[in-house]
Amino acid sequence: MQVRTPIKVRYGETDMMGVVYHANYLLYFEDARTDFLEQVGFPYTRIEDAGYMCPIYHVDLQYGEPLRYGEDAFVLTRVVKNAPTKTTYLQEVYRASATPGVDKPLAAGHVTACTVERDTFKPVSIKRTFPELYALYETLIEPEE
């Protein structure tokens, strides 16, 4: 399953060249992962309310063409790897008029999140802590070719 999260580039997200500052793509990805969880019926607040968090463990991000102030775009999010302690998402940014699979993404990143206890930051198994989410991810996973 792929979830499309719209974004509109705000002036404060750009640099002196008028393009989206590179670190802001991580904010777009964060919004899109939260939206992904909402769309699949497991809101992130459910994880936090249970006393856990999902911090980022690793990011691999590649940039292509720039995105500029005022442009409409979207982040396409999907799960590409589901392990008991970590989930890896492929997240791609496209202009609003683009067609994924035909057009190249403006930025693409693999983002791996782990689940930890909120108070101790001790890693926990999502398979044991949230078995319904782990099972859901197993049905939604779209491994890369």
# chains A, B, ... in the order shown; residues from 1 in each chain; ligands from 1

call {"tool": "closest_atom_pairs", "arguments": {"of": "region 50-78 of chain A", "to": "region 18-38 of chain A", "cutoff": "6 Å", "atoms": "only C-alpha atoms", "output": "JSON lines"}}
result
{"residue": "A:Pro66", "atom": "CA", "partner": "A:Val19", "partner_atom": "CA", "distance": 5.9}
{"residue": "A:Leu67", "atom": "CA", "partner": "A:Val19", "partner_atom": "CA", "distance": 5.6}
{"residue": "A:Arg68", "atom": "CA", "partner": "A:Val19", "partner_atom": "CA", "distance": 4.4}

call {"tool": "write_last_selection", "arguments": {"atoms": "N, CA and C atoms", "output": "PDB file, in the first residue's frame"}}
result
ATOM      1  N   PRO A  66      15.416  20.241  -7.645  1.00  0.00           N
ATOM      2  CA  PRO A  66      14.951  21.008  -6.489  1.00  0.00           C
ATOM      3  C   PRO A  66      13.444  21.251  -6.510  1.00  0.00           C
ATOM      4  N   LEU A  67      12.907  21.407  -5.327  1.00  0.00           N
ATOM      5  CA  LEU A  67      11.525  21.806  -5.118  1.00  0.00           C
ATOM      6  C   LEU A  67      11.584  23.240  -4.619  1.00  0.00           C
ATOM      7  N   ARG A  68      10.703  24.102  -5.123  1.00  0.00           N
ATOM      8  CA  ARG A  68      10.798  25.534  -4.837  1.00  0.00           C
ATOM      9  C   ARG A  68       9.580  26.069  -4.090  1.00  0.00           C
TER      10      ARG A  68
END

call {"tool": "select_by_dssp", "arguments": {"residues": "chain A", "states": "alpha helix (DSSP H)", "output": "PyMOL selection string"}}
result
chain A and resi 24-39+44-49+126-129+131-140

call {"tool": "residues_around", "arguments": {"residues": "Ala113 (chain A)", "least_positions_apart": "3", "cutoff": "7 Å", "atoms": "only C-alpha atoms", "output": "JSON, numbers by chain"}}
result
{"A": [54, 55, 56, 57, 86, 87, 88]}

call {"tool": "residues_around", "arguments": {"residues": "Asp72 (chain A)", "least_positions_apart": "5", "cutoff": "12 Å", "atoms": "only C-alpha atoms", "output": "MDAnalysis selection string"}}
result
chainID A and resid 5:10 67 93:98

call {"tool": "write_last_selection", "arguments": {"atoms": "N, CA and C atoms", "output": "PDB file, in the first residue's frame"}}
result
ATOM      1  N   THR A   5       0.785  11.846   0.501  1.00  0.00           N
ATOM      2  CA  THR A   5       0.578  12.953   1.437  1.00  0.00           C
ATOM      3  C   THR A   5       0.931  14.259   0.733  1.00  0.00           C
ATOM      4  N   PRO A   6      -0.037  15.156   0.540  1.00  0.00           N
ATOM      5  CA  PRO A   6       0.256  16.425  -0.149  1.00  0.00           C
ATOM      6  C   PRO A   6       1.091  17.361   0.716  1.00  0.00           C
ATOM      7  N   ILE A   7       1.937  18.141   0.045  1.00  0.00           N
ATOM      8  CA  ILE A   7       2.712  19.187   0.716  1.00  0.00           C
ATOM      9  C   ILE A   7       2.719  20.429  -0.161  1.00  0.00           C
ATOM     10  N   LYS A   8       2.798  21.574   0.468  1.00  0.00           N
ATOM     11  CA  LYS A   8       2.954  22.840  -0.239  1.00  0.00           C
ATOM     12  C   LYS A   8       4.168  23.508   0.372  1.00  0.00           C
ATOM     13  N   VAL A   9       5.112  23.856  -0.467  1.00  0.00           N
ATOM     14  CA  VAL A   9       6.355  24.428   0.019  1.00  0.00           C
ATOM     15  C   VAL A   9       6.104  25.847   0.523  1.00  0.00           C
ATOM     16  N   ARG A  10       6.449  26.064   1.788  1.00  0.00           N
ATOM     17  CA  ARG A  10       6.311  27.379   2.402  1.00  0.00           C
ATOM     18  C   ARG A  10       7.635  28.138   2.282  1.00  0.00           C
ATOM     19  N   LEU A  67      12.907  21.407  -5.327  1.00  0.00           N
ATOM     20  CA  LEU A  67      11.525  21.806  -5.118  1.00  0.00           C
ATOM     21  C   LEU A  67      11.584  23.240  -4.619  1.00  0.00           C
ATOM     22  N   VAL A  93       9.474  12.120  -2.863  1.00  0.00           N
ATOM     23  CA  VAL A  93       8.823  13.412  -3.067  1.00  0.00           C
ATOM     24  C   VAL A  93       8.683  13.652  -4.567  1.00  0.00           C
ATOM     25  N   TYR A  94       7.471  14.025  -4.965  1.00  0.00           N
ATOM     26  CA  TYR A  94       7.163  14.323  -6.372  1.00  0.00           C
ATOM     27  C   TYR A  94       6.437  15.652  -6.461  1.00  0.00           C
ATOM     28  N   ARG A  95       6.584  16.324  -7.599  1.00  0.00           N
ATOM     29  CA  ARG A  95       5.726  17.465  -7.873  1.00  0.00           C
ATOM     30  C   ARG A  95       4.295  16.949  -8.001  1.00  0.00           C
ATOM     31  N   ALA A  96       3.328  17.815  -7.703  1.00  0.00           N
ATOM     32  CA  ALA A  96       1.922  17.403  -7.710  1.00  0.00           C
ATOM     33  C   ALA A  96       1.492  16.831  -9.057  1.00  0.00           C
ATOM     34  N   SER A  97       2.092  17.294 -10.140  1.00  0.00           N
ATOM     35  CA  SER A  97       1.703  16.842 -11.478  1.00  0.00           C
ATOM     36  C   SER A  97       2.414  15.559 -11.922  1.00  0.00           C
ATOM     37  N   ALA A  98       3.312  15.055 -11.117  1.00  0.00           N
ATOM     38  CA  ALA A  98       4.125  13.890 -11.508  1.00  0.00           C
ATOM     39  C   ALA A  98       3.341  12.581 -11.377  1.00  0.00           C
TER      40      ALA A  98
END
